[in-house]
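Text of my_file.tsv (TSV, C-alpha atoms) as supplied:
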```tsv
chain	number	residue	atom	x	y	z
A	22	MET	CA	4.65	97.18	-33.86
A	23	LYS	CA	5.06	96.49	-30.16
A	24	ARG	CA	3.01	93.87	-28.36
A	25	ILE	CA	1.90	94.37	-24.78
A	26	LEU	CA	1.10	92.23	-21.76
A	27	PHE	CA	-1.43	94.11	-19.64
A	28	ILE	CA	-0.92	92.34	-16.32
A	29	ASP	CA	-3.29	92.49	-13.35
A	30	ARG	CA	-1.77	92.43	-9.86
A	31	ASP	CA	-4.09	91.05	-7.14
A	32	GLY	CA	-5.09	87.45	-7.84
A	33	THR	CA	-2.67	87.32	-10.75
A	34	ILE	CA	0.83	88.05	-9.46
A	35	ILE	CA	-0.05	87.93	-5.76
A	36	ARG	CA	-2.86	86.11	-4.01
A	37	GLU	CA	-5.94	88.15	-3.19
A	38	PRO	CA	-7.21	87.87	0.42
A	39	GLU	CA	-10.86	87.61	1.37
A	40	ASP	CA	-11.14	91.33	2.12
A	41	GLU	CA	-9.59	92.05	-1.33
A	42	GLN	CA	-7.15	94.53	0.21
A	43	ILE	CA	-3.45	93.80	0.55
A	44	ASP	CA	-2.48	96.43	3.08
A	45	SER	CA	0.10	94.52	5.12
A	46	PHE	CA	2.99	92.15	4.57
A	47	GLU	CA	1.13	89.44	6.50
A	48	LYS	CA	-1.32	89.21	3.61
A	49	LEU	CA	1.32	89.03	0.90
A	50	GLN	CA	1.73	85.76	-0.99
A	51	PHE	CA	2.84	85.33	-4.58
A	52	VAL	CA	0.72	83.23	-6.93
A	53	PRO	CA	2.51	79.92	-7.62
A	54	ARG	CA	4.83	80.05	-10.64
A	55	ALA	CA	3.94	83.66	-11.43
A	56	ILE	CA	7.49	84.93	-10.91
A	57	SER	CA	9.27	82.16	-12.83
A	58	ASN	CA	6.97	82.56	-15.82
A	59	LEU	CA	7.19	86.35	-15.81
A	60	VAL	CA	10.97	85.90	-15.84
A	61	PHE	CA	10.69	83.54	-18.82
A	62	LEU	CA	8.48	85.93	-20.76
A	63	ARG	CA	10.73	88.89	-19.99
A	64	GLN	CA	13.81	86.99	-21.15
A	65	HIS	CA	12.37	85.35	-24.26
A	66	THR	CA	9.83	87.81	-25.68
A	67	ASP	CA	9.67	91.46	-26.70
A	68	TYR	CA	6.35	92.26	-25.01
A	69	LEU	CA	6.00	95.50	-23.09
A	70	PHE	CA	4.95	94.79	-19.49
A	71	VAL	CA	2.18	97.07	-18.23
A	72	MET	CA	0.65	96.52	-14.79
A	73	VAL	CA	-2.99	97.59	-14.62
A	74	SER	CA	-4.62	97.31	-11.21
A	75	ASN	CA	-7.83	98.45	-9.54
A	76	GLN	CA	-7.19	99.43	-5.91
A	77	ASP	CA	-10.58	100.31	-4.46
A	78	GLY	CA	-10.47	103.45	-2.35
A	79	LEU	CA	-6.71	103.85	-2.36
A	80	GLY	CA	-5.92	107.07	-0.53
A	81	THR	CA	-9.04	106.98	1.64
A	82	GLU	CA	-9.23	106.32	5.36
A	83	ALA	CA	-10.21	102.73	4.65
A	84	PHE	CA	-7.12	102.18	2.50
A	85	PRO	CA	-4.44	104.78	3.26
A	86	GLU	CA	-1.54	104.96	0.83
A	87	ASN	CA	1.04	104.34	3.56
A	88	THR	CA	-0.27	100.77	3.85
A	89	PHE	CA	-0.23	100.19	0.09
A	90	TRP	CA	3.14	101.45	-1.15
A	91	PRO	CA	5.45	99.42	1.13
A	92	VAL	CA	3.86	96.19	-0.11
A	93	GLN	CA	3.72	97.43	-3.71
A	94	ASN	CA	7.37	98.45	-3.66
A	95	PHE	CA	8.38	95.10	-2.15
A	96	ILE	CA	6.57	93.28	-4.96
A	97	LEU	CA	8.27	95.40	-7.60
A	98	ASP	CA	11.70	95.04	-5.96
A	99	THR	CA	11.27	91.27	-5.72
A	100	LEU	CA	10.40	91.04	-9.40
A	101	LYS	CA	13.20	93.40	-10.36
A	102	GLY	CA	15.65	91.18	-8.52
A	103	GLU	CA	14.60	88.36	-10.84
A	104	GLY	CA	14.94	90.51	-13.95
A	105	VAL	CA	11.29	91.53	-14.32
A	106	GLU	CA	10.59	95.26	-14.61
A	107	PHE	CA	7.38	96.89	-15.78
A	108	ASP	CA	7.44	99.43	-18.57
A	109	GLU	CA	4.51	101.21	-16.95
A	110	ILE	CA	2.41	100.81	-13.81
A	111	LEU	CA	-1.19	102.01	-13.94
A	112	ILE	CA	-3.32	102.04	-10.78
A	113	ASP	CA	-6.91	103.18	-10.49
A	114	PRO	CA	-8.14	104.11	-6.97
A	115	HIS	CA	-11.87	104.41	-7.65
A	116	PHE	CA	-14.69	102.34	-6.17
A	117	PRO	CA	-16.94	100.40	-8.58
A	118	GLN	CA	-19.86	102.71	-7.90
A	119	ASP	CA	-17.81	105.70	-9.11
A	120	ASN	CA	-18.10	104.38	-12.70
A	121	ALA	CA	-14.75	105.94	-13.46
A	122	PRO	CA	-13.58	105.65	-17.09
A	123	THR	CA	-10.16	104.63	-15.80
A	124	ARG	CA	-11.35	101.67	-13.73
A	125	LYS	CA	-11.19	98.22	-15.33
A	126	PRO	CA	-12.95	96.99	-17.37
A	127	ASN	CA	-13.09	100.54	-18.74
A	128	THR	CA	-10.07	101.51	-20.79
A	129	GLY	CA	-9.25	105.07	-19.74
A	130	LEU	CA	-5.84	104.14	-18.37
A	131	VAL	CA	-4.67	102.42	-21.55
A	132	GLU	CA	-6.18	104.47	-24.36
A	133	LYS	CA	-2.78	105.76	-25.42
A	134	TYR	CA	-1.87	102.19	-26.35
A	135	MET	CA	-5.17	101.60	-28.11
A	136	ASN	CA	-5.01	104.77	-30.18
A	137	SER	CA	-1.46	104.49	-31.46
A	138	GLU	CA	-0.29	102.57	-34.53
A	139	GLU	CA	2.93	101.91	-32.62
A	140	TYR	CA	1.27	99.03	-30.74
A	141	ASP	CA	-0.03	95.67	-31.97
A	142	ILE	CA	-3.14	95.48	-29.83
A	143	GLN	CA	-4.71	92.50	-31.63
A	144	ASN	CA	-1.72	90.33	-30.71
A	145	SER	CA	-1.41	91.67	-27.18
A	146	TYR	CA	-2.84	90.04	-24.05
A	147	VAL	CA	-4.52	90.89	-20.78
A	148	ILE	CA	-3.41	88.50	-18.04
A	149	GLY	CA	-5.83	88.44	-15.12
A	150	ASP	CA	-7.97	86.33	-12.83
A	151	ARG	CA	-11.42	87.94	-12.99
A	152	GLU	CA	-14.25	88.26	-15.43
A	153	THR	CA	-13.65	92.02	-15.40
A	154	ASP	CA	-10.16	91.31	-16.76
A	155	ARG	CA	-11.73	89.35	-19.60
A	156	GLN	CA	-14.08	92.24	-20.30
A	157	PHE	CA	-11.12	94.61	-20.12
A	158	ALA	CA	-9.37	92.59	-22.84
A	159	GLU	CA	-12.49	92.66	-25.01
A	160	ASN	CA	-12.82	96.42	-24.56
A	161	ILE	CA	-9.18	96.94	-25.52
A	162	GLY	CA	-9.47	94.61	-28.49
A	163	CYS	CA	-6.80	92.15	-27.42
A	164	LYS	CA	-6.69	88.56	-26.16
A	165	PHE	CA	-7.18	87.26	-22.63
A	166	LEU	CA	-5.25	84.73	-20.56
A	167	GLN	CA	-6.74	83.72	-17.23
A	168	VAL	CA	-4.93	82.87	-14.02
A	169	SER	CA	-6.88	80.24	-12.10
A	170	PRO	CA	-6.55	80.16	-8.29
A	171	THR	CA	-7.42	76.45	-8.30
A	172	THR	CA	-4.98	75.43	-11.06
A	173	PRO	CA	-1.36	75.54	-9.85
A	174	ASP	CA	0.12	75.38	-13.35
A	175	SER	CA	-2.12	78.00	-14.98
A	176	TRP	CA	0.83	80.41	-15.21
A	177	ASP	CA	2.77	77.73	-17.13
A	178	LYS	CA	0.00	77.57	-19.74
A	179	ILE	CA	-0.16	81.38	-19.90
A	180	ALA	CA	3.56	81.64	-20.59
A	181	GLU	CA	3.35	78.89	-23.19
A	182	ILE	CA	0.59	80.63	-25.14
A	183	ALA	CA	2.07	84.12	-24.80
A	184	TYR	CA	5.40	82.79	-26.08
A	185	GLY	CA	4.37	80.19	-28.64
A	186	GLY	CA	1.02	81.60	-29.69
A	187	GLU	CA	-2.52	80.31	-29.53
A	188	ARG	CA	-3.30	77.02	-31.21
A	189	LYS	CA	-6.81	77.58	-32.44
A	190	ALA	CA	-8.33	76.86	-35.81
A	191	GLU	CA	-11.70	76.86	-37.51
A	192	LEU	CA	-12.79	75.54	-40.87
A	193	ARG	CA	-15.99	75.14	-42.83
A	194	ARG	CA	-16.27	72.45	-45.50
A	195	THR	CA	-19.31	72.72	-47.75
A	196	THR	CA	-20.24	70.31	-50.52
A	197	LYS	CA	-23.47	69.27	-52.20
A	198	GLU	CA	-23.73	66.53	-49.59
A	199	THR	CA	-22.63	68.17	-46.35
A	200	ASP	CA	-21.97	71.44	-44.55
A	201	ILE	CA	-19.40	70.92	-41.78
A	202	TYR	CA	-18.09	73.54	-39.34
A	203	VAL	CA	-15.27	72.74	-36.91
A	204	SER	CA	-13.44	74.99	-34.48
A	205	LEU	CA	-10.97	73.86	-31.85
A	206	ASP	CA	-8.47	75.09	-29.29
A	207	LEU	CA	-5.68	72.63	-28.51
A	208	ASP	CA	-5.00	74.47	-25.25
A	209	GLY	CA	-8.58	74.44	-24.06
A	210	ASN	CA	-10.43	72.86	-21.13
A	211	GLY	CA	-12.47	70.18	-22.87
A	212	HIS	CA	-15.57	72.26	-23.61
A	213	CYS	CA	-17.61	70.67	-26.41
A	214	ASP	CA	-20.49	71.67	-28.65
A	215	ILE	CA	-21.12	68.70	-30.95
A	216	GLN	CA	-24.11	68.46	-33.29
A	217	THR	CA	-23.90	66.08	-36.22
A	218	GLY	CA	-27.41	64.64	-36.31
A	219	LEU	CA	-26.01	61.27	-35.19
A	220	GLY	CA	-26.32	60.80	-31.44
A	221	PHE	CA	-23.69	58.08	-31.00
A	222	PHE	CA	-21.24	59.94	-33.25
A	223	ASP	CA	-21.73	63.07	-31.13
A	224	HIS	CA	-20.96	60.99	-28.02
A	225	MET	CA	-17.73	59.69	-29.55
A	226	LEU	CA	-16.56	63.10	-30.76
A	227	GLU	CA	-17.17	64.51	-27.29
A	228	GLN	CA	-14.64	61.98	-25.97
A	229	ILE	CA	-11.97	63.66	-28.11
A	230	GLY	CA	-12.62	67.08	-26.61
A	231	LYS	CA	-13.25	66.01	-23.04
A	232	HIS	CA	-10.37	63.59	-22.60
A	233	GLY	CA	-7.99	65.48	-24.87
A	234	MET	CA	-8.61	68.81	-23.07
A	235	ILE	CA	-9.47	70.32	-26.45
A	236	ASP	CA	-12.23	72.89	-26.78
A	237	LEU	CA	-14.17	71.46	-29.70
A	238	THR	CA	-17.13	72.68	-31.72
A	239	ILE	CA	-18.50	70.53	-34.52
A	240	HIS	CA	-21.72	71.41	-36.35
A	241	ALA	CA	-22.53	69.07	-39.20
A	242	LYS	CA	-25.45	69.02	-41.58
A	243	GLY	CA	-25.47	66.16	-44.04
A	244	ASP	CA	-27.63	64.06	-46.29
A	245	LEU	CA	-28.66	61.67	-43.54
A	246	HIS	CA	-31.78	60.89	-45.57
A	247	VAL	CA	-29.40	59.03	-47.90
A	248	ASP	CA	-27.19	57.47	-45.22
A	249	GLU	CA	-24.53	58.38	-42.64
A	250	HIS	CA	-21.46	57.99	-44.86
A	251	HIS	CA	-20.93	61.54	-46.13
A	252	THR	CA	-21.56	63.19	-42.74
A	253	ILE	CA	-19.07	60.97	-40.92
A	254	GLU	CA	-16.41	61.13	-43.63
A	255	ASP	CA	-16.57	64.90	-44.13
A	256	THR	CA	-16.56	65.52	-40.38
A	257	ALA	CA	-13.37	63.47	-40.11
A	258	LEU	CA	-11.74	65.34	-42.98
A	259	THR	CA	-12.65	68.75	-41.56
A	260	LEU	CA	-11.55	67.81	-38.04
A	261	GLY	CA	-8.24	66.50	-39.37
A	262	GLU	CA	-7.58	69.66	-41.37
A	263	CYS	CA	-8.41	71.73	-38.32
A	264	LEU	CA	-5.95	69.77	-36.16
A	265	LEU	CA	-3.21	70.25	-38.75
A	266	LYS	CA	-3.92	73.98	-38.98
A	267	ALA	CA	-3.95	74.47	-35.21
A	268	LEU	CA	-0.62	72.68	-34.80
A	269	GLY	CA	1.08	75.32	-36.94
A	270	ASP	CA	4.80	74.73	-37.30
A	271	LYS	CA	4.70	71.98	-34.60
A	272	ARG	CA	7.62	73.46	-32.69
A	273	GLY	CA	7.99	72.18	-29.16
A	274	ILE	CA	5.31	69.48	-29.41
A	275	GLU	CA	5.83	66.00	-28.00
A	276	ARG	CA	4.71	64.61	-31.39
A	277	TYR	CA	3.93	61.09	-30.17
A	278	GLY	CA	1.35	59.59	-28.05
A	279	TYR	CA	-1.41	56.06	-25.70
A	280	CYS	CA	-3.39	53.14	-24.65
A	281	LEU	CA	-6.11	52.59	-22.08
A	282	PRO	CA	-8.46	49.94	-20.79
A	283	MET	CA	-12.24	50.37	-20.67
A	284	ASP	CA	-13.98	47.69	-18.62
A	285	ASP	CA	-13.52	44.44	-20.59
A	286	CYS	CA	-11.64	46.15	-23.47
A	287	LEU	CA	-8.05	47.15	-24.09
A	288	CYS	CA	-7.63	49.89	-26.67
A	289	SER	CA	-4.46	51.46	-27.97
A	290	VAL	CA	-3.99	54.45	-30.24
A	291	ALA	CA	-0.37	55.18	-31.07
A	292	LEU	CA	-0.01	58.49	-32.89
A	293	ASP	CA	2.69	60.41	-34.72
A	294	PHE	CA	2.28	63.94	-36.07
A	295	GLY	CA	5.21	63.33	-38.37
A	296	GLY	CA	3.52	64.58	-41.52
A	297	ARG	CA	3.12	61.14	-43.11
A	298	PRO	CA	-0.47	59.86	-42.94
A	299	TRP	CA	-0.91	56.15	-42.36
A	300	LEU	CA	-3.50	54.02	-40.62
A	301	VAL	CA	-3.07	50.57	-39.10
A	302	TRP	CA	-6.50	49.29	-37.99
A	303	ASP	CA	-6.81	46.17	-35.88
A	304	ALA	CA	-10.35	46.21	-34.53
A	305	VAL	CA	-13.24	43.93	-35.44
A	306	PHE	CA	-16.88	44.77	-34.74
A	307	LEU	CA	-19.59	42.13	-34.89
A	308	ARG	CA	-22.60	44.44	-34.77
A	309	GLU	CA	-23.81	46.32	-37.85
A	310	LYS	CA	-24.53	49.47	-35.86
A	311	ILE	CA	-23.81	50.96	-32.47
A	312	GLY	CA	-26.52	53.47	-31.78
A	313	ASP	CA	-27.18	55.15	-35.10
A	314	MET	CA	-23.60	54.80	-36.39
A	315	PRO	CA	-22.62	52.00	-38.79
A	316	THR	CA	-19.60	50.12	-37.45
A	317	GLU	CA	-18.14	49.93	-40.98
A	318	MET	CA	-17.67	53.73	-40.77
A	319	PHE	CA	-15.27	53.54	-37.80
A	320	LEU	CA	-12.38	52.51	-40.04
A	321	HIS	CA	-13.38	55.10	-42.63
A	322	PHE	CA	-13.53	57.87	-40.01
A	323	PHE	CA	-10.03	57.22	-38.71
A	324	LYS	CA	-8.59	56.80	-42.21
A	325	SER	CA	-10.03	60.18	-43.27
A	326	LEU	CA	-8.85	61.80	-40.03
A	327	SER	CA	-5.34	60.42	-40.47
A	328	ASP	CA	-5.13	61.61	-44.08
A	329	ALA	CA	-6.37	65.13	-43.36
A	330	ALA	CA	-4.26	65.66	-40.22
A	331	LYS	CA	-1.20	64.07	-41.84
A	332	MET	CA	-0.68	61.80	-38.87
A	333	ASN	CA	0.24	58.16	-38.41
A	334	LEU	CA	-2.41	56.22	-36.45
A	335	ASN	CA	-1.95	52.69	-35.18
A	336	ILE	CA	-5.22	51.54	-33.61
A	337	LYS	CA	-5.88	48.24	-31.87
A	338	ALA	CA	-8.80	47.11	-29.74
A	339	GLU	CA	-9.84	43.87	-28.12
A	340	GLY	CA	-12.78	42.97	-25.92
A	341	GLY	CA	-16.32	41.70	-25.94
A	342	ASN	CA	-18.48	44.82	-25.60
A	343	GLU	CA	-18.76	46.65	-28.90
A	344	HIS	CA	-19.79	49.97	-27.34
A	345	HIS	CA	-16.91	49.87	-24.88
A	346	LYS	CA	-14.49	48.93	-27.65
A	347	ILE	CA	-15.15	51.93	-29.90
A	348	GLU	CA	-15.57	54.33	-26.98
A	349	GLY	CA	-12.22	53.13	-25.66
A	350	ILE	CA	-10.65	53.83	-29.06
A	351	PHE	CA	-11.99	57.39	-29.11
A	352	LYS	CA	-10.83	57.98	-25.53
A	353	ALA	CA	-7.41	56.56	-26.33
A	354	LEU	CA	-7.25	58.86	-29.37
A	355	ALA	CA	-8.08	61.81	-27.13
A	356	ARG	CA	-5.36	60.94	-24.61
A	357	SER	CA	-2.92	60.32	-27.43
A	358	LEU	CA	-3.71	63.75	-28.89
A	359	LYS	CA	-3.31	65.37	-25.48
A	360	MET	CA	0.12	63.81	-25.11
A	361	ALA	CA	1.27	64.49	-28.68
A	362	VAL	CA	0.26	68.17	-28.83
A	363	ARG	CA	1.78	68.98	-25.44
A	364	ARG	CA	4.20	71.85	-26.02
A	365	ASP	CA	7.44	72.59	-24.19
A	366	VAL	CA	8.46	76.21	-24.72
A	367	TYR	CA	11.76	75.57	-22.95
A	368	HIS	CA	12.67	73.21	-25.81
A	369	TYR	CA	11.00	75.04	-28.66
A	370	GLU	CA	12.34	72.98	-31.51
A	371	LEU	CA	10.96	70.68	-34.17
A	372	PRO	CA	10.87	67.12	-32.76
A	373	SER	CA	12.66	65.68	-35.76
A	374	THR	CA	16.26	64.97	-36.74
A	375	LYS	CA	15.31	65.97	-40.30
A	376	GLY	CA	14.52	69.53	-39.29
A	377	ALA	CA	11.08	69.35	-40.87
A	378	LEU	CA	7.72	67.72	-40.19
```

Step by step, read the file and then write its structure as C-alpha cells.
Amino acid sequence: MKRILFIDRDGTIIREPEDEQIDSFEKLQFVPRAISNLVFLRQHTDYLFVMVSNQDGLGTEAFPENTFWPVQNFILDTLKGEGVEFDEILIDPHFPQDNAPTRKPNTGLVEKYMNSEEYDIQNSYVIGDRETDRQFAENIGCKFLQVSPTTPDSWDKIAEIAYGGERKAELRRTTKETDIYVSLDLDGNGHCDIQTGLGFFDHMLEQIGKHGMIDLTIHAKGDLHVDEHHTIEDTALTLGECLLKALGDKRGIERYGYCLPMDDCLCSVALDFGGRPWLVWDAVFLREKIGDMPTEMFLHFFKSLSDAAKMNLNIKAEGGNEHHKIEGIFKALARSLKMAVRRDVYHYELPSTKGAL
C-alpha cells in the first residue's frame, strides 16, 4: 500500500505573513530547511506528496486568483527544480464560516485516499504548522508532524521521523507487588507526567524526560506500605524495556553518550547502547534517605535500568551535597540518553563494525 505525505503550504513550506495571504512576491519566503528536507524525502522514500492548502476567499475581490497563481507557480517551479514534484495539489477556497466539507480540518478533499485500500493511511503523515493541521490528521486517521516557526531545525526532525519512523513505546508491567505503566517518545519535547507515589523519585525521573528531550509518562502503583523497593525496581525495569523497544533496530543512532557539574558536584554517566548490559557504579551516599527515597535504591535502580535496556552504564559522582549528587547523576543520564539516541538519517547504518547491536 502507498503511504502519503499530506503537506500544508503556508507556514509549512513558505512563511505565512501577518495578513495570512501571500498575494505578492514581496511576501514570499521559504521556511528554513523545508526545501532540502523535501528533497531528501522525495529521493529516499516512496511517499506520495499531496499538497493540501486552505486559501481563504481565493477567487474573490479580496483575493483574486491573478495574485495567487504567479506565486504558487513560482513555488512549484522552485521545488521542481530541486527534484520535488507533488502527485496532487488540493486547494480549498472557502472561508471558515462557510463550514465547507472540503476545508481543513474537514476531509472532503482527501476522502478518495481515505476510502481506498490502495493507501496506507495509518502510516501516512500530515505535515503542517497549525492546530487545524493536527485535527486534519486525526480526522484522516494518520499521524501528524508539526513545523514550528520558532524552531529552525523542525524540518530536520520531520524528515528524520518520516524517513526512519517514530520512536515511541509503551509498556505495562503488572505483578502482585506493582502495576507500572510507561510510555515514551524519544523524539519528544521533554513533556512529563510522572506519578510513582514517591515525590523525590518523581523529581528524579522528570530530569530524564526534561533534560533528555523525551516525552515521558510513568504511572506506578506499588506496595509502598511494605517499602519502596518493588516500586523503584519495577519502574526501572519497565522504563528500560521501553527504551529498548523505542530504539528499534538502532540504525543511525549515535550510540554513545556525558558528564556535567551541578554546583559542588561532578557527575558523569557514560552510556553505550551496544546490547551488553553492564553497570559500573562509583557513587557513595552518606544519608539513608533523600526525600522519601532510600539512597541504597539508587544503585539498584540503575542496575535494573541497565539490564532491561541492554545498555552499558558507567556512573561516577563526587561532591558534598547528597541531593545535588543524585540529581546530577539523573541529569547526566538524561543528557547521555539525548546524545546516544540522536539519529542521523543521512548515515542510516548500525553504529557497529559487527553489523549487529

Would you mind listing what lies within 6 Å of Leu79 in chain A as a JSON list (two decimals) with C-alpha atoms, in the coordinates of the input, with all atoms listed in the file counted and same-chain residues fewer than 3 positions away left out?
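Wrote part-v6.json, looks like this:
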```json
[["chain", "number", "residue", "atom", "x", "y", "z"],
["A", 76, "GLN", "CA", -7.19, 99.43, -5.91],
["A", 84, "PHE", "CA", -7.12, 102.18, 2.50],
["A", 114, "PRO", "CA", -8.14, 104.11, -6.97]]
```

(message) Measuring between all atoms listed in the file, which one of A:Glu309, A:Asp31, A:Glu348, A:Glu139 shows the shortest distance to Val168 in chain A?
(response) A:Asp31

(message) Could you check the closest approach to Tyr279 in chain A for each of A:Lys359, A:Lys324, A:His246, A:Arg54 and tell me which residue wins, using only C-alpha atoms?
(response) A:Lys359

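If all atoms listed in the file are the atoms counted, then among A:Thr316, A:Ala257, A:Ser57, A:Lys23 the closest residue to Glu138 in chain A is A:Lys23.
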
(message) Under the rule that only C-alpha atoms are counted, which of A:Leu326, A:Val105, A:Leu292, A:Met225 is the nearest residue to Glu275 in chain A?
(response)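 Checking each candidate against Glu275 in chain A, we get A:Leu292 as the closest.
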
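The space separating CA of Lys231 in chain A from CA of Leu264 in chain A comes to 15.5 Å.
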